[in-house]
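Undergrad: Input: one structure, supplied below.
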Amino acid sequence: MKPIVRPTIVKKRVKQFKRHHSDRYDRLKESWRRPKGIDGCVRRKYRGNIPMPNCGYGSNKKTRNTHPDGLYQFVVHNVNELNALMMQNRKYSAVIAASVSARKTKEIVERASQLSIKVVNKDRRTKKEEAK
């Protein structure tokens, strides 16, 4: 199903924010931690230092949390939860939860095709059955 409106998704920053001095010391991992020292050049935003994350890097509200196909994703655990997407199939796509078995996945995919709901990961847990 095609989405109603598909605006172009613009990311202001794709690169991860790295922790200050994570390149200098192995004991510091790269995951972001806010610098809190009184003399910290990154915290004080001196020129030439790494940028700190702030609200200015946020995505557009209209395209935030959307999949590249233009649809929002809704996690589905059983067939009954697909009924919530029945009238919203041009705005939301279904994602089958990781804990769902292969048999239930097959039922969910069949029901989604009847309701014309897009399932993002419809081929999960099917390759093992085909190999047998």
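Chain labels follow the order of the structure tokens: the first chain is A, the next B, and so on; residue numbering restarts at 1 in every chain, and ligands are counted from 1 in their shown order.
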Please report, as number ranges by chain, each residue of range 8-130 of chain A to which DSSP assigns alpha helix (DSSP H) when run on this structure's backbone.
TA: A: 102-114, 127-130
Undergrad: Do a neighbour search on Tyr92 in chain A at 9 Å with only C-alpha atoms, toss out local chain neighbours closer than 4 positions, and write the hits as JSON, numbers by chain.
TA: {"A": [3, 70, 71, 72, 73, 74, 85, 88, 117, 118]}
Undergrad: Compare A:Gln114, A:Ser22, A:Ser59, A:Asn121 by their minimum atom-to-atom distance to Val100 in chain A, counting only C-alpha atoms, and give me the closest one.
TA: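 Among A:Gln114, A:Ser22, A:Ser59, A:Asn121, it is A:Asn121 that comes nearest to Val100 in chain A.
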Undergrad: Check the smallest atom-to-atom distance from each of A:Lys122, A:Arg34, A:Lys12, A:His67 to Val109 in chain A using only C-alpha atoms, then report the winner.
TA: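 Of the candidates, the smallest distance to Val109 in chain A is held by A:Lys122.
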Undergrad: Which residues are close to Ser31 in chain A, i.e. within 8 Å by only C-alpha atoms, leaving aside same-chain residues fewer than 6 positions away? Reply as a PyMOL selection string.
TA: chain A and resi 17-19
Undergrad: Select, from A:Asp123, A:Asn78, A:Ser93, A:Ile50, the residue with the minimum atom-to-atom distance to Asp23 in chain A, counting only C-alpha atoms.
TA: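 Closest to Asp23 in chain A of all the choices is A:Ile50.
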Undergrad: Excluding same-chain residues fewer than 6 positions from range 104-108 of chain A, what lies within 9 Å of it counting only C-alpha atoms, as a list in words?
TA: Val76, His77, Asn78, Val79, Asn80, Leu82, Ile96, Val119, Lys122, Asp123, Arg124, Arg125 and Thr126 of chain A
Undergrad: From the list A:Leu115, A:Gly56, A:Ala94, A:Lys61, which residue is nearest Ile9 in chain A when using only C-alpha atoms?
TA: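 When distances to Ile9 in chain A are compared using only C-alpha atoms, the smallest one comes from A:Lys61.
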Undergrad: As a compact mmCIF listing (two decimals) with all heavy atoms, in the first residue's frame, please: all residues of range 55-93 of chain A that backbone DSSP puts in strand (DSSP E).
TA:
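Final output, saved to result-v1.txt:
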# COMPACT_ATOMS: atom_id res chain seq x y z
N TYR A 72 4.64 4.90 9.08
CA TYR A 72 5.01 4.66 10.47
C TYR A 72 4.94 3.16 10.72
O TYR A 72 4.21 2.44 10.05
CB TYR A 72 4.05 5.37 11.43
CG TYR A 72 4.14 6.87 11.38
CD1 TYR A 72 3.20 7.63 10.70
CD2 TYR A 72 5.16 7.55 12.04
CE1 TYR A 72 3.27 9.00 10.65
CE2 TYR A 72 5.25 8.92 12.00
CZ TYR A 72 4.31 9.64 11.30
OH TYR A 72 4.39 11.00 11.26
N GLN A 73 5.67 2.68 11.72
CA GLN A 73 5.69 1.24 12.01
C GLN A 73 4.92 0.94 13.29
O GLN A 73 5.00 1.68 14.26
CB GLN A 73 7.12 0.74 12.12
CG GLN A 73 7.86 0.80 10.82
CD GLN A 73 9.22 0.17 10.88
OE1 GLN A 73 9.80 0.03 11.95
NE2 GLN A 73 9.75 -0.21 9.74
N PHE A 74 4.18 -0.18 13.27
CA PHE A 74 3.37 -0.62 14.40
C PHE A 74 3.73 -2.06 14.68
O PHE A 74 3.62 -2.92 13.79
CB PHE A 74 1.88 -0.48 14.04
CG PHE A 74 0.96 -0.86 15.16
CD1 PHE A 74 0.70 0.01 16.19
CD2 PHE A 74 0.33 -2.10 15.16
CE1 PHE A 74 -0.16 -0.34 17.22
CE2 PHE A 74 -0.53 -2.46 16.17
CZ PHE A 74 -0.78 -1.57 17.20
N VAL A 75 4.16 -2.37 15.91
CA VAL A 75 4.59 -3.72 16.27
C VAL A 75 3.37 -4.59 16.53
O VAL A 75 2.49 -4.21 17.31
CB VAL A 75 5.52 -3.71 17.49
CG1 VAL A 75 5.97 -5.11 17.85
CG2 VAL A 75 6.74 -2.85 17.22
N VAL A 76 3.32 -5.75 15.88
CA VAL A 76 2.18 -6.65 15.96
C VAL A 76 2.62 -7.95 16.61
O VAL A 76 3.63 -8.54 16.23
CB VAL A 76 1.61 -6.93 14.55
CG1 VAL A 76 0.53 -7.96 14.58
CG2 VAL A 76 1.12 -5.64 13.93
N TYR A 92 0.27 3.47 8.39
CA TYR A 92 1.07 2.58 9.23
C TYR A 92 1.36 1.28 8.51
O TYR A 92 0.52 0.78 7.76
CB TYR A 92 0.34 2.25 10.54
CG TYR A 92 0.28 3.40 11.51
CD1 TYR A 92 -0.76 4.31 11.48
CD2 TYR A 92 1.28 3.56 12.46
CE1 TYR A 92 -0.81 5.37 12.37
CE2 TYR A 92 1.23 4.61 13.36
CZ TYR A 92 0.19 5.51 13.31
OH TYR A 92 0.15 6.55 14.19
N SER A 93 2.54 0.71 8.77
CA SER A 93 2.86 -0.63 8.31
C SER A 93 3.09 -1.50 9.55
O SER A 93 3.45 -0.99 10.61
CB SER A 93 4.12 -0.62 7.43
OG SER A 93 5.21 -0.14 8.15
Undergrad: Got a sec: who's within 9 Å of Lys11 in chain A, counting only C-alpha atoms, leaving out chain neighbours fewer than 2 positions off, as a compact mmCIF listing (two decimals) with N, CA, C and O atoms, in the first residue's frame?
TA:
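In the end it all went to part.txt:
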# COMPACT_ATOMS: atom_id res chain seq x y z
N ILE A 9 12.51 12.73 3.57
CA ILE A 9 13.07 12.70 4.91
C ILE A 9 14.44 13.35 4.88
O ILE A 9 15.34 12.89 4.16
N ARG A 13 21.73 15.45 10.81
CA ARG A 13 23.02 14.82 11.12
C ARG A 13 22.82 13.31 11.17
O ARG A 13 21.96 12.82 11.90
N VAL A 14 23.64 12.60 10.41
CA VAL A 14 23.57 11.14 10.40
C VAL A 14 24.68 10.55 11.27
O VAL A 14 24.52 9.50 11.87
N TYR A 57 19.42 19.63 16.34
CA TYR A 57 19.66 18.53 15.42
C TYR A 57 18.42 17.66 15.22
O TYR A 57 18.49 16.64 14.54
N GLY A 58 17.30 18.01 15.82
CA GLY A 58 16.09 17.20 15.74
C GLY A 58 15.53 17.13 14.33
O GLY A 58 15.71 18.04 13.52
N SER A 59 14.80 16.05 14.05
CA SER A 59 14.20 15.85 12.74
C SER A 59 12.89 16.64 12.62
O SER A 59 12.31 17.07 13.61
N ASN A 60 12.44 16.76 11.39
CA ASN A 60 11.16 17.40 11.12
C ASN A 60 10.03 16.59 11.76
O ASN A 60 10.04 15.37 11.69
Undergrad: Restricting the calculation to only C-alpha atoms, which member of A:Cys41, A:Val120, A:Ala98, A:Val10 is positioned closest to Lys62 in chain A?
TA: A:Val10
Undergrad: My list of candidates is A:Ser99, A:His21, A:Pro53, A:Arg90. Which is closest to Arg6 in chain A when distances are computed with only C-alpha atoms?
TA: A:Arg90
